[in-house]
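K.L.:
To be precise about what I am sending: the file is called my_file-v8.csv and holds CSV, C-alpha atoms and all ligand atoms.
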chain,number,residue,atom,x,y,z
A,164,MET,CA,-0.7,-1.7,-16.4
A,165,THR,CA,0.0,1.9,-15.3
A,166,PHE,CA,-2.3,4.9,-15.1
A,167,GLY,CA,-0.7,8.1,-16.2
A,168,TYR,CA,-3.6,10.3,-15.2
A,169,GLY,CA,-1.5,12.8,-13.3
A,170,SER,CA,-4.2,15.4,-13.3
A,171,THR,CA,-6.1,16.5,-10.2
A,172,GLY,CA,-9.4,15.4,-11.8
A,173,GLY,CA,-10.9,18.7,-11.0
A,174,THR,CA,-9.6,18.8,-7.5
A,175,ALA,CA,-8.8,22.1,-5.9
A,176,VAL,CA,-5.6,22.1,-3.9
A,177,SER,CA,-7.7,23.7,-1.1
A,178,VAL,CA,-9.0,20.4,0.0
A,179,LEU,CA,-5.7,20.1,1.8
A,180,GLU,CA,-6.6,23.0,4.0
A,181,THR,CA,-9.3,21.0,5.7
A,182,ASP,CA,-8.7,20.7,9.5
A,183,PRO,CA,-6.6,17.6,10.0
A,184,ARG,CA,-9.0,16.4,12.7
A,185,GLU,CA,-11.8,16.2,10.1
A,186,LYS,CA,-12.2,13.3,7.8
A,187,VAL,CA,-12.7,14.0,4.1
A,188,GLN,CA,-15.3,11.8,2.5
A,189,VAL,CA,-16.9,11.8,-1.0
A,190,LEU,CA,-19.0,8.6,-0.9
A,191,ALA,CA,-21.2,7.6,2.0
A,192,GLU,CA,-21.2,3.9,3.0
A,193,ASP,CA,-24.1,3.2,0.7
A,194,GLY,CA,-22.3,4.8,-2.3
A,195,SER,CA,-24.3,8.0,-2.4
A,196,VAL,CA,-22.4,11.3,-2.6
A,197,VAL,CA,-22.0,13.0,0.7
A,198,GLU,CA,-23.6,16.5,0.8
A,199,GLY,CA,-21.2,19.2,-0.3
A,200,ALA,CA,-18.6,16.8,-1.6
A,201,THR,CA,-17.0,17.1,-5.1
A,202,VAL,CA,-16.8,14.0,-7.2
A,203,PRO,CA,-13.4,13.8,-9.0
A,204,ASP,CA,-13.8,14.6,-12.6
A,205,LEU,CA,-12.8,11.2,-14.1
A,206,SER,CA,-13.9,9.5,-17.2
A,207,GLU,CA,-16.3,6.5,-17.0
A,208,GLU,CA,-13.4,4.3,-18.2
A,209,THR,CA,-11.2,5.5,-15.3
A,210,PHE,CA,-14.0,4.9,-12.8
A,211,VAL,CA,-14.4,1.4,-14.0
A,212,GLU,CA,-10.6,0.8,-14.0
A,213,MET,CA,-10.6,2.0,-10.4
A,214,TYR,CA,-13.4,-0.5,-9.5
A,215,ARG,CA,-11.8,-3.3,-11.4
A,216,THR,CA,-8.4,-2.8,-9.8
A,217,MET,CA,-9.9,-2.9,-6.3
A,218,LYS,CA,-11.9,-6.0,-7.1
A,219,LEU,CA,-8.8,-7.6,-8.7
A,220,ALA,CA,-6.7,-6.8,-5.6
A,221,ARG,CA,-9.4,-8.4,-3.3
A,222,HIS,CA,-9.5,-11.5,-5.4
A,223,PHE,CA,-5.7,-11.7,-5.7
A,224,ASP,CA,-5.5,-11.4,-1.9
A,225,GLU,CA,-8.0,-14.2,-1.3
A,226,ARG,CA,-6.1,-16.5,-3.7
A,227,ALA,CA,-2.7,-15.5,-2.2
A,228,VAL,CA,-3.9,-16.4,1.4
A,229,SER,CA,-5.2,-19.7,0.1
A,230,LEU,CA,-1.9,-20.5,-1.7
A,231,GLN,CA,-0.1,-19.9,1.6
A,232,ARG,CA,-2.5,-22.3,3.3
A,233,GLN,CA,-1.8,-24.9,0.7
A,234,GLY,CA,1.9,-24.6,1.2
A,235,ARG,CA,2.4,-23.0,-2.2
A,236,MET,CA,3.6,-19.7,-0.9
A,237,GLY,CA,5.5,-18.3,2.1
A,238,THR,CA,4.2,-15.8,4.7
A,239,TYR,CA,2.0,-13.2,3.0
A,240,PRO,CA,0.5,-9.9,4.3
A,241,PRO,CA,-3.1,-9.6,3.2
A,242,LEU,CA,-4.6,-6.2,2.1
A,243,SER,CA,-8.3,-6.9,2.0
A,244,GLY,CA,-10.2,-3.8,3.3
A,245,GLN,CA,-7.3,-1.5,2.2
A,246,GLU,CA,-8.0,-1.5,-1.6
A,247,GLY,CA,-9.6,1.9,-1.6
A,248,ALA,CA,-6.6,3.6,0.0
A,249,GLN,CA,-4.1,1.9,-2.2
A,250,VAL,CA,-5.8,2.1,-5.6
A,251,GLY,CA,-7.2,5.6,-5.0
A,252,SER,CA,-3.8,7.0,-4.0
A,253,ALA,CA,-1.6,5.2,-6.6
A,254,MET,CA,-4.0,6.4,-9.4
A,255,ALA,CA,-3.1,9.9,-8.5
A,256,LEU,CA,0.5,9.4,-9.5
A,257,ARG,CA,2.1,10.0,-12.9
A,258,ASP,CA,4.3,7.3,-14.4
A,259,GLU,CA,7.5,9.2,-13.6
A,260,ASP,CA,6.6,9.4,-9.9
A,261,TRP,CA,7.8,6.9,-7.4
A,262,ILE,CA,6.2,4.6,-4.8
A,263,VAL,CA,8.2,3.9,-1.7
A,264,PRO,CA,6.2,1.1,-0.1
A,265,SER,CA,6.1,-0.9,3.1
A,266,TYR,CA,5.2,-4.6,2.6
A,267,ARG,CA,1.4,-4.5,2.1
A,268,GLU,CA,1.2,-2.3,-1.0
A,269,HIS,CA,0.4,-5.0,-3.6
A,270,ALA,CA,-2.4,-3.1,-5.1
A,271,ALA,CA,-0.7,0.3,-5.2
A,272,SER,CA,2.3,-1.3,-6.8
A,273,TYR,CA,0.1,-3.1,-9.4
A,274,VAL,CA,-1.4,0.3,-10.3
A,275,HIS,CA,2.2,1.6,-10.8
A,276,GLY,CA,3.2,-1.2,-13.0
A,277,LEU,CA,4.4,-4.2,-10.9
A,278,THR,CA,2.9,-7.4,-12.2
A,279,LEU,CA,0.9,-9.7,-9.9
A,280,GLU,CA,3.3,-12.4,-10.8
A,281,GLY,CA,6.2,-10.3,-9.4
A,282,THR,CA,4.4,-9.8,-6.1
A,283,LEU,CA,3.6,-13.6,-6.0
A,284,ARG,CA,7.2,-14.6,-6.6
A,285,TYR,CA,8.5,-12.2,-3.9
A,286,TRP,CA,6.2,-13.7,-1.3
A,287,MET,CA,6.9,-17.2,-2.6
A,288,GLY,CA,10.5,-16.5,-1.4
A,289,ASP,CA,12.0,-15.8,-4.8
A,290,GLU,CA,14.1,-12.6,-4.5
A,291,ARG,CA,13.8,-12.2,-8.3
A,292,GLY,CA,10.2,-11.1,-7.6
A,293,ASN,CA,11.8,-8.1,-6.0
A,294,ARG,CA,13.7,-7.0,-9.1
A,295,LEU,CA,12.0,-3.8,-10.0
A,296,GLU,CA,13.8,-3.0,-13.2
A,297,ASP,CA,12.2,-0.2,-15.2
A,298,LEU,CA,9.7,0.4,-12.5
A,299,ASN,CA,9.5,3.5,-10.3
A,300,ILE,CA,8.9,1.4,-7.2
A,301,PHE,CA,11.3,0.9,-4.4
A,302,PRO,CA,11.8,-2.6,-2.8
A,303,VAL,CA,9.5,-3.8,0.0
A,304,ALA,CA,10.6,-2.3,3.3
A,305,VAL,CA,9.9,-4.7,6.2
A,306,PRO,CA,11.8,-2.8,9.0
A,307,ILE,CA,8.9,-0.6,10.1
A,308,ALA,CA,9.2,3.1,9.0
A,309,SER,CA,12.6,2.7,7.5
A,310,GLN,CA,11.3,3.8,4.2
A,311,ILE,CA,10.1,7.2,5.5
A,312,PRO,CA,13.5,8.9,5.8
A,313,HIS,CA,14.4,7.3,2.4
A,314,ALA,CA,11.4,9.0,0.8
A,315,ALA,CA,12.4,12.4,2.3
A,316,GLY,CA,16.0,11.8,1.0
A,317,LEU,CA,14.7,10.8,-2.4
A,318,GLY,CA,12.8,14.1,-2.6
A,319,MET,CA,16.0,15.9,-1.7
A,320,ALA,CA,17.9,14.0,-4.4
A,321,ALA,CA,15.2,14.9,-7.0
A,322,ASP,CA,15.8,18.5,-6.2
A,323,TYR,CA,19.5,18.2,-6.8
A,324,ASN,CA,18.7,16.5,-10.1
A,325,ASP,CA,16.2,19.2,-11.0
A,326,SER,CA,13.5,16.6,-11.6
A,327,ASP,CA,9.9,17.1,-10.8
A,328,GLU,CA,9.2,13.5,-9.6
A,329,VAL,CA,7.0,13.0,-6.6
A,330,PHE,CA,7.6,10.3,-4.0
A,331,MET,CA,4.6,8.5,-2.5
A,332,CYS,CA,5.7,6.9,0.8
A,333,TYR,CA,3.3,4.3,2.3
A,334,PHE,CA,3.5,3.2,6.0
A,335,GLY,CA,1.2,2.1,8.7
A,336,ASP,CA,-0.3,3.6,11.9
A,337,GLY,CA,2.3,1.6,13.9
A,338,ALA,CA,5.1,3.2,11.9
A,339,THR,CA,4.2,6.6,13.3
A,340,SER,CA,5.5,5.6,16.7
A,341,GLU,CA,9.0,5.0,15.3
A,342,GLY,CA,11.8,7.6,15.3
A,343,ASP,CA,12.2,7.2,11.6
A,344,PHE,CA,8.7,8.7,11.2
A,345,HIS,CA,9.7,11.8,13.1
A,346,GLU,CA,13.1,12.0,11.3
A,347,GLY,CA,11.5,11.5,7.9
A,348,LEU,CA,8.8,14.1,8.3
A,349,ASN,CA,11.1,16.5,10.0
A,350,PHE,CA,13.5,16.4,7.0
A,351,GLY,CA,10.6,16.5,4.6
A,352,GLY,CA,9.4,19.7,6.2
A,353,VAL,CA,12.8,21.4,6.7
A,354,PHE,CA,14.1,20.5,3.2
A,355,ASP,CA,10.6,21.0,1.7
A,356,THR,CA,10.8,17.7,-0.2
A,357,PRO,CA,8.3,16.6,-2.9
A,358,THR,CA,7.1,13.7,-0.8
A,359,VAL,CA,3.6,12.5,0.1
A,360,PHE,CA,3.7,10.7,3.4
A,361,PHE,CA,0.7,8.3,3.2
A,362,CYS,CA,-0.3,6.6,6.4
A,363,ASN,CA,-2.5,3.6,6.0
A,364,ASN,CA,-4.1,3.7,9.4
A,365,ASN,CA,-5.7,0.3,9.5
A,366,GLN,CA,-6.3,0.4,13.2
A,367,TRP,CA,-3.8,-2.3,14.2
A,368,ALA,CA,-0.1,-2.8,14.3
A,369,ILE,CA,-0.2,-6.6,14.5
A,370,SER,CA,-2.0,-6.8,18.0
A,371,VAL,CA,-1.4,-3.2,19.1
A,372,PRO,CA,-4.5,-1.0,18.6
A,373,ARG,CA,-4.4,2.5,17.1
A,374,GLU,CA,-5.1,4.1,20.5
A,375,LYS,CA,-1.9,2.7,21.9
A,376,GLN,CA,0.2,4.3,19.2
A,377,THR,CA,-0.6,7.9,20.0
A,378,ALA,CA,-2.7,10.1,22.4
A,379,ALA,CA,-3.3,12.5,19.5
A,380,GLU,CA,-6.9,12.7,18.2
A,381,THR,CA,-5.7,12.0,14.6
A,382,ILE,CA,-2.4,11.0,13.0
A,383,ALA,CA,-3.0,13.7,10.4
A,384,GLN,CA,-2.6,16.5,12.9
A,385,LYS,CA,1.0,15.5,13.6
A,386,ALA,CA,1.7,17.3,10.3
A,387,VAL,CA,1.3,20.6,12.0
A,388,ALA,CA,4.4,20.0,14.1
A,389,TYR,CA,6.4,19.5,10.9
A,390,GLY,CA,5.1,22.6,9.3
A,391,MET,CA,3.3,20.8,6.5
A,392,GLU,CA,-0.3,20.1,5.6
A,393,GLY,CA,-2.0,17.1,7.2
A,394,ILE,CA,-5.2,15.6,6.1
A,395,GLN,CA,-7.4,12.8,7.3
A,396,VAL,CA,-9.4,10.9,4.7
A,397,ASP,CA,-11.8,8.0,4.7
A,398,GLY,CA,-9.4,5.4,3.4
A,399,MET,CA,-12.3,3.1,2.4
A,400,ASP,CA,-13.7,5.8,0.1
A,401,PRO,CA,-11.5,5.5,-3.1
A,402,LEU,CA,-12.9,8.8,-4.5
A,403,ALA,CA,-12.0,10.8,-1.4
A,404,VAL,CA,-8.6,9.2,-1.4
A,405,TYR,CA,-8.0,10.0,-5.0
A,406,GLN,CA,-9.2,13.5,-4.5
A,407,VAL,CA,-7.0,14.2,-1.5
A,408,THR,CA,-3.9,12.4,-2.9
A,409,SER,CA,-4.2,14.2,-6.3
A,410,ALA,CA,-4.2,17.5,-4.5
A,411,ALA,CA,-1.1,16.4,-2.4
A,412,VAL,CA,0.7,15.2,-5.4
A,413,GLU,CA,0.0,18.4,-7.3
A,414,ARG,CA,1.2,20.4,-4.3
A,415,ALA,CA,4.4,18.3,-4.1
A,416,ARG,CA,5.1,19.0,-7.7
A,417,SER,CA,4.2,22.7,-7.9
A,418,ALA,CA,3.7,24.3,-4.5
A,419,GLU,CA,3.6,28.1,-4.7
A,420,GLY,CA,4.6,30.9,-2.4
A,421,GLU,CA,4.4,30.0,1.3
A,422,GLN,CA,3.1,26.5,0.6
A,423,LEU,CA,5.4,23.6,1.6
A,424,ARG,CA,5.5,20.7,-0.8
A,425,PRO,CA,5.2,17.6,1.5
A,426,THR,CA,1.8,16.5,2.9
A,427,LEU,CA,0.9,13.9,5.5
A,428,ILE,CA,-2.2,12.0,4.6
A,429,GLU,CA,-3.9,9.7,7.1
A,430,ALA,CA,-6.2,7.2,5.4
A,431,VAL,CA,-8.6,5.7,7.9
A,432,GLN,CA,-9.3,2.1,7.1
A,433,TYR,CA,-9.3,-1.5,8.4
A,434,ARG,CA,-7.4,-4.6,7.8
A,435,TYR,CA,-10.1,-7.4,7.5
A,436,GLY,CA,-7.7,-10.3,7.6
A,437,ALA,CA,-4.7,-11.3,9.7
A,438,HIS,CA,-1.6,-9.1,9.9
A,439,THR,CA,0.2,-11.8,8.0
A,440,THR,CA,-0.7,-15.4,7.4
A,441,ALA,CA,1.5,-16.1,10.4
A,442,ASP,CA,-0.9,-14.2,12.7
A,443,ASP,CA,-4.2,-15.1,14.4
A,444,PRO,CA,-6.3,-11.9,14.9
A,445,SER,CA,-9.0,-13.7,16.9
A,446,VAL,CA,-6.6,-13.6,19.9
A,447,TYR,CA,-6.7,-9.8,20.1
A,448,ARG,CA,-9.8,-8.4,18.4
A,449,GLU,CA,-13.6,-9.2,18.3
A,450,ASP,CA,-15.4,-10.3,15.2
A,451,ASP,CA,-18.0,-7.6,15.8
A,452,GLU,CA,-15.3,-5.0,15.2
A,453,VAL,CA,-14.4,-6.6,11.8
A,454,GLU,CA,-18.1,-6.6,10.8
A,455,LYS,CA,-18.6,-3.0,11.7
A,456,TRP,CA,-15.7,-2.0,9.3
A,457,LYS,CA,-17.0,-4.4,6.6
A,458,ALA,CA,-20.0,-2.1,6.3
A,459,LYS,CA,-17.6,0.5,4.9
A,460,ASP,CA,-16.2,-1.8,2.2
A,461,PRO,CA,-14.7,0.3,-0.6
A,462,ILE,CA,-15.7,-2.1,-3.4
A,463,PRO,CA,-19.5,-2.3,-3.0
A,464,ARG,CA,-19.4,1.4,-2.2
A,465,LEU,CA,-17.9,2.4,-5.5
A,466,GLU,CA,-20.0,-0.3,-7.3
A,467,ALA,CA,-23.2,1.2,-5.9
A,468,PHE,CA,-22.1,4.7,-7.0
A,469,LEU,CA,-21.3,3.4,-10.5
A,470,ARG,CA,-24.5,1.4,-10.8
A,471,ASP,CA,-26.5,4.5,-9.8
A,472,ARG,CA,-24.8,6.4,-12.6
A,473,GLY,CA,-25.6,3.7,-15.0
A,474,VAL,CA,-21.9,2.9,-15.6
A,475,LEU,CA,-22.1,-0.7,-14.2
A,476,ASP,CA,-24.8,-3.3,-14.4
A,477,ASP,CA,-25.0,-7.0,-13.6
A,478,GLU,CA,-23.7,-8.0,-17.0
A,479,ARG,CA,-20.7,-5.6,-16.8
A,480,VAL,CA,-19.9,-6.7,-13.3
A,481,ALA,CA,-20.0,-10.4,-14.3
A,482,GLU,CA,-17.7,-9.7,-17.3
A,483,LEU,CA,-15.2,-7.9,-15.0
A,484,THR,CA,-15.3,-10.7,-12.5
A,485,ASP,CA,-14.5,-13.3,-15.1
A,486,SER,CA,-11.6,-11.2,-16.5
A,487,ILE,CA,-10.2,-10.7,-13.0
A,488,GLU,CA,-10.3,-14.3,-12.2
A,489,GLU,CA,-8.6,-15.2,-15.4
A,490,GLU,CA,-5.9,-12.5,-14.9
A,491,VAL,CA,-5.1,-13.7,-11.4
A,492,ALA,CA,-5.1,-17.4,-12.3
A,493,GLU,CA,-2.7,-16.7,-15.1
A,494,ALA,CA,-0.4,-14.8,-12.8
A,495,ILE,CA,-0.4,-17.7,-10.4
A,496,ASP,CA,0.4,-20.2,-13.1
A,497,THR,CA,3.3,-18.1,-14.4
A,498,ALA,CA,4.7,-17.5,-10.9
A,499,GLU,CA,4.6,-21.2,-10.2
A,500,GLU,CA,6.2,-22.2,-13.5
A,501,TYR,CA,9.5,-20.7,-12.4
A,502,THR,CA,12.0,-23.1,-10.8
A,503,ARG,CA,12.1,-22.1,-7.1
A,504,PRO,CA,15.4,-20.9,-5.7
A,505,THR,CA,17.4,-23.5,-3.8
A,506,THR,CA,17.5,-23.2,-0.1
A,507,GLU,CA,21.2,-22.3,-0.3
A,508,SER,CA,20.4,-19.2,-2.3
A,509,MET,CA,19.3,-17.5,1.0
A,510,PHE,CA,23.0,-17.2,1.8
A,511,GLU,CA,23.8,-15.4,-1.4
A,512,HIS,CA,24.0,-11.7,-2.2
A,513,VAL,CA,23.9,-10.7,1.5
A,514,TYR,CA,27.6,-10.4,2.5
A,515,ALA,CA,30.7,-9.9,0.3
A,516,GLY,CA,32.5,-12.1,2.8
A,517,MET,CA,30.3,-14.5,4.7
A,518,PRO,CA,30.5,-14.2,8.6
A,519,GLU,CA,31.5,-17.4,10.5
A,520,ARG,CA,28.0,-17.7,12.1
A,521,LEU,CA,26.4,-17.9,8.6
A,522,ARG,CA,29.1,-20.3,7.4
A,523,GLN,CA,28.2,-22.6,10.2
A,524,GLN,CA,24.5,-22.4,9.4
A,525,GLN,CA,25.2,-23.1,5.7
A,526,ALA,CA,27.2,-26.2,6.7
A,527,TYR,CA,24.4,-27.3,8.9
A,528,LEU,CA,21.9,-26.9,6.0
A,529,ASP,CA,24.2,-28.8,3.7
A,530,ARG,CA,24.3,-31.7,6.1
A,531,LEU,CA,20.5,-31.7,6.5
A,532,GLN,CA,20.1,-31.6,2.7
A,533,SER,CA,22.4,-34.5,2.1
A,534,GLU,CA,20.5,-36.5,4.7
A,535,HIS,CA,16.9,-35.6,3.7
A,536,GLY,CA,17.0,-33.9,0.2
A,537,ASP,CA,15.7,-30.4,-0.7
A,538,GLU,CA,12.1,-31.4,-1.4
A,539,GLU,CA,11.6,-32.9,2.1
A,540,LEU,CA,13.2,-29.9,3.7
A,541,LEU,CA,10.9,-27.5,2.1
A,542,GLU,CA,7.8,-29.4,3.3
B,601,LIG,C1,11.7,-1.9,13.2
B,601,LIG,C2,10.7,-3.0,13.3
B,601,LIG,N1,10.2,-3.3,14.5
B,601,LIG,C3,9.3,-4.3,14.6
B,601,LIG,C4,8.9,-5.0,13.5
B,601,LIG,C5,7.9,-6.2,13.5
B,601,LIG,N2,6.7,-5.7,12.9
B,601,LIG,C6,6.3,-6.2,11.7
B,601,LIG,S1,4.9,-5.5,11.2
B,601,LIG,C7,4.7,-4.7,12.6
B,601,LIG,C8,3.5,-3.8,12.8
B,601,LIG,C9,3.4,-2.6,11.9
B,601,LIG,O1,2.1,-2.0,12.0
B,601,LIG,P1,1.7,-0.8,11.1
B,601,LIG,O2,2.8,0.2,11.0
B,601,LIG,O3,0.4,-0.3,11.6
B,601,LIG,O4,1.5,-1.5,9.6
B,601,LIG,P2,0.5,-2.6,9.2
B,601,LIG,O5,1.2,-3.9,9.3
B,601,LIG,O6,-0.7,-2.5,10.0
B,601,LIG,O7,0.2,-2.3,7.8
B,601,LIG,C10,5.7,-4.9,13.5
B,601,LIG,C11,5.9,-4.3,14.8
B,601,LIG,C12,9.5,-4.7,12.2
B,601,LIG,N3,9.2,-5.3,11.1
B,601,LIG,N4,10.4,-3.7,12.2
B,602,MG,MG,-1.5,-0.8,11.0
Before anything else, please render the file you have as structure tokens.

P.N.:
Amino acid sequence: MTFGYGSTGGTAVSVLETDPREKVQVLAEDGSVVEGATVPDLSEETFVEMYRTMKLARHFDERAVSLQRQGRMGTYPPLSGQEGAQVGSAMALRDEDWIVPSYREHAASYVHGLTLEGTLRYWMGDERGNRLEDLNIFPVAVPIASQIPHAAGLGMAADYNDSDEVFMCYFGDGATSEGDFHEGLNFGGVFDTPTVFFCNNNQWAISVPREKQTAAETIAQKAVAYGMEGIQVDGMDPLAVYQVTSAAVERARSAEGEQLRPTLIEAVQYRYGAHTTADDPSVYREDDEVEKWKAKDPIPRLEAFLRDRGVLDDERVAELTDSIEEEVAEAIDTAEEYTRPTTESMFEHVYAGMPERLRQQQAYLDRLQSEHGDEELLE
């Protein structure tokens, strides 16, 4: 399902002029509206869709981790805690805009039309899950920050083609220490590209904490050096994220006068789970820290706001929960119905002419397979 909202929801572009060292917030942790904040002008239906999508992303994430633990899926990067940033930002895009993701944007990609089944198949090791035909979503980028210069280049290409597409580029706090971050933002600024550089600052780059990435007070303030607007937002407040991102998308599409089109958004949030299912976070961070961030959870926060407005009640929440569980269960069934790719297929579609080193590895795999069979090898 896609959301073609594409309006600012009553947001003034001026929110982008907030000092990049100040964090924009609409909802307090208890779901009440922060004094002086503007609630985006969305329909009840859209508010509920935002809530449902975050809740679906959380449930999907829990099921995906459990599938990996049961040996039904490969390594998977969880997103729990980051739903507000992903859903709030992706809902600010129009259908014709593009997402340029890292590897954790399952919820943002879902909002922009990627099926849950597609995401599952990709992380189950089936490259066909990465076929994004008829979707304005780029493939998962695992090499950190490599997608940032791509997103600037895509903006330049859109200009050559006279299109008014906007490119939403997602990356993490750790990515901001890479040369590609500098190069991408520098090009974005110099060529004034229609790119929103969206940093999911989830406090950790695997085991490296945010304070080891930069001595700067905020990541958002780095925008100043590139000549563009930078804004820090509470990434666990979906309404604030939606507000800020809508303004950035609008500016990217139709900046006027002296305004530059690109914006750097820093969404402050937390990854509740492991970096990936191959990681053990208890080695490098305390449980207390996780608990502190859980108090900011975006899902009960929006739920409290919507209950207070009379949009949600126990019955509606129970209905939504049932439909979410059903949708995710169906996606898992469908993803598992496909025949898994054979182990040899990992050698395909990489080189036109296979290098000797890979030829040797393939021969080694062939030998193991003839001795043990494919099933046993995959266990
Ligand atoms: C160029 C490069 N260097 C190192 C890695 C290994 N690596 C994978 S994820 C990761 C941490 C990235 O952290 P961050 O940018 O904060 O994103 P997050 O995983 O927290 O979403 C690293 C170093 C990589 N994938 N690519
Ligand atoms: Mg990170």

K.L.:
Let me have all residues with an atom within 8 Å of ligand MG 602 (chain B), counting all atoms listed in the file, laid out as a VMD selection string.

P.N.:
chain A and resid 335 to 338 363 to 369 373 434

K.L.:
Could you name the residues that touch Leu475 of chain A at 12 Å or less, counting only C-alpha atoms, but leaving out those on the same chain fewer than 5 positions away, as a PDB file with C-alpha atoms, keeping the file's coordinate frame?

P.N.:
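The new file out-v3.pdb reads:
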ATOM      1  CA  GLU A 207     -16.300   6.500 -17.000  1.00  0.00           C
ATOM      2  CA  GLU A 208     -13.400   4.300 -18.200  1.00  0.00           C
ATOM      3  CA  PHE A 210     -14.000   4.900 -12.800  1.00  0.00           C
ATOM      4  CA  VAL A 211     -14.400   1.400 -14.000  1.00  0.00           C
ATOM      5  CA  GLU A 212     -10.600   0.800 -14.000  1.00  0.00           C
ATOM      6  CA  TYR A 214     -13.400  -0.500  -9.500  1.00  0.00           C
ATOM      7  CA  ARG A 215     -11.800  -3.300 -11.400  1.00  0.00           C
ATOM      8  CA  PRO A 463     -19.500  -2.300  -3.000  1.00  0.00           C
ATOM      9  CA  LEU A 465     -17.900   2.400  -5.500  1.00  0.00           C
ATOM     10  CA  GLU A 466     -20.000  -0.300  -7.300  1.00  0.00           C
ATOM     11  CA  ALA A 467     -23.200   1.200  -5.900  1.00  0.00           C
ATOM     12  CA  PHE A 468     -22.100   4.700  -7.000  1.00  0.00           C
ATOM     13  CA  LEU A 469     -21.300   3.400 -10.500  1.00  0.00           C
ATOM     14  CA  ARG A 470     -24.500   1.400 -10.800  1.00  0.00           C
ATOM     15  CA  VAL A 480     -19.900  -6.700 -13.300  1.00  0.00           C
ATOM     16  CA  ALA A 481     -20.000 -10.400 -14.300  1.00  0.00           C
ATOM     17  CA  GLU A 482     -17.700  -9.700 -17.300  1.00  0.00           C
ATOM     18  CA  LEU A 483     -15.200  -7.900 -15.000  1.00  0.00           C
TER      19      LEU A 483
END

K.L.:
Using Å and a single decimal, report how far atom CA of Thr439 of chain A sits from atom CA of Glu246 of chain A.

P.N.:
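Value for the atom CA of Glu246 of chain A-atom CA of Thr439 of chain A distance: 16.3 Å.
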
K.L.:
To one decimal place, how far is atom CA of Met399 of chain A from atom CA of Val371 of chain A in Å?

P.N.:
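Computed distance, atom CA of Met399 of chain A to atom CA of Val371 of chain A, equals 20.9 Å.
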
K.L.:
Give me, please, the distance in Å between atom CA of Glu534 of chain A and atom CA of Thr502 of chain A, quoted to one decimal.

P.N.:
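Taking atom CA of Glu534 of chain A as the start and atom CA of Thr502 of chain A as the end point, the length is 22.2 Å.
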
K.L.:
Please write out, as JSON, where the centre of an axis-aligned box around all listed atoms of ligand LIG 601 (chain B) lies and how long its edges are, in Å to one decimal, after adding 8 Å on each side.

P.N.:
{"center_x": 5.5, "center_y": -3.0, "center_z": 11.3, "size_x": 28.4, "size_y": 22.4, "size_z": 23.0}

K.L.:
Looking at A:Glu268, A:Glu500, A:Asp397, A:Asp327, which one is nearest to ligand LIG 601 (chain B), with distances taken over only C-alpha atoms and all ligand atoms?

P.N.:
A:Glu268

K.L.:
With all atoms listed in the file as the basis for distance, which of A:Gly194, A:Gly276, A:Gly288, A:Pro401 is at the shortest distance from Met217 of chain A?

P.N.:
A:Pro401

K.L.:
May I have the residues within 10 Å of His275 of chain A as an NGL selection string, using only C-alpha atoms and disregarding those fewer than 3 positions away in the same chain?

P.N.:
:A and (164-167 or 250 or 253-254 or 256-262 or 269-272 or 278 or 298-300)

K.L.:
List the spatial neighbours of Pro357 of chain A as a list in words - criterion: any atom at most 8 Å away, only C-alpha atoms, same-chain residues fewer than 4 positions off excluded.

P.N.:
Ala315, Gly318, Met319, Glu328, Val329, Phe330, Gly351, Ala415, Arg416, Arg424 and Pro425 of chain A

K.L.:
Mind filling out segment 208-217 of chain A with N, CA and C atoms and sending it as a CSV table (one decimal), in the coordinates of the input?

P.N.:
chain,number,residue,atom,x,y,z
A,208,GLU,N,-14.4,5.4,-18.0
A,208,GLU,CA,-13.4,4.3,-18.2
A,208,GLU,C,-12.5,4.3,-17.0
A,209,THR,N,-12.1,5.4,-16.5
A,209,THR,CA,-11.2,5.5,-15.3
A,209,THR,C,-11.9,5.0,-14.1
A,210,PHE,N,-13.2,5.4,-13.9
A,210,PHE,CA,-14.0,4.9,-12.8
A,210,PHE,C,-14.0,3.4,-12.8
A,211,VAL,N,-14.3,2.8,-13.9
A,211,VAL,CA,-14.4,1.4,-14.0
A,211,VAL,C,-13.1,0.7,-13.8
A,212,GLU,N,-12.0,1.3,-14.2
A,212,GLU,CA,-10.6,0.8,-14.0
A,212,GLU,C,-10.4,0.8,-12.5
A,213,MET,N,-10.8,1.9,-11.8
A,213,MET,CA,-10.6,2.0,-10.4
A,213,MET,C,-11.3,0.8,-9.7
A,214,TYR,N,-12.6,0.6,-10.1
A,214,TYR,CA,-13.4,-0.5,-9.5
A,214,TYR,C,-12.8,-1.8,-9.8
A,215,ARG,N,-12.4,-2.0,-11.0
A,215,ARG,CA,-11.8,-3.3,-11.4
A,215,ARG,C,-10.5,-3.6,-10.7
A,216,THR,N,-9.7,-2.6,-10.5
A,216,THR,CA,-8.4,-2.8,-9.8
A,216,THR,C,-8.6,-3.2,-8.4
A,217,MET,N,-9.6,-2.5,-7.7
A,217,MET,CA,-9.9,-2.9,-6.3
A,217,MET,C,-10.4,-4.3,-6.2
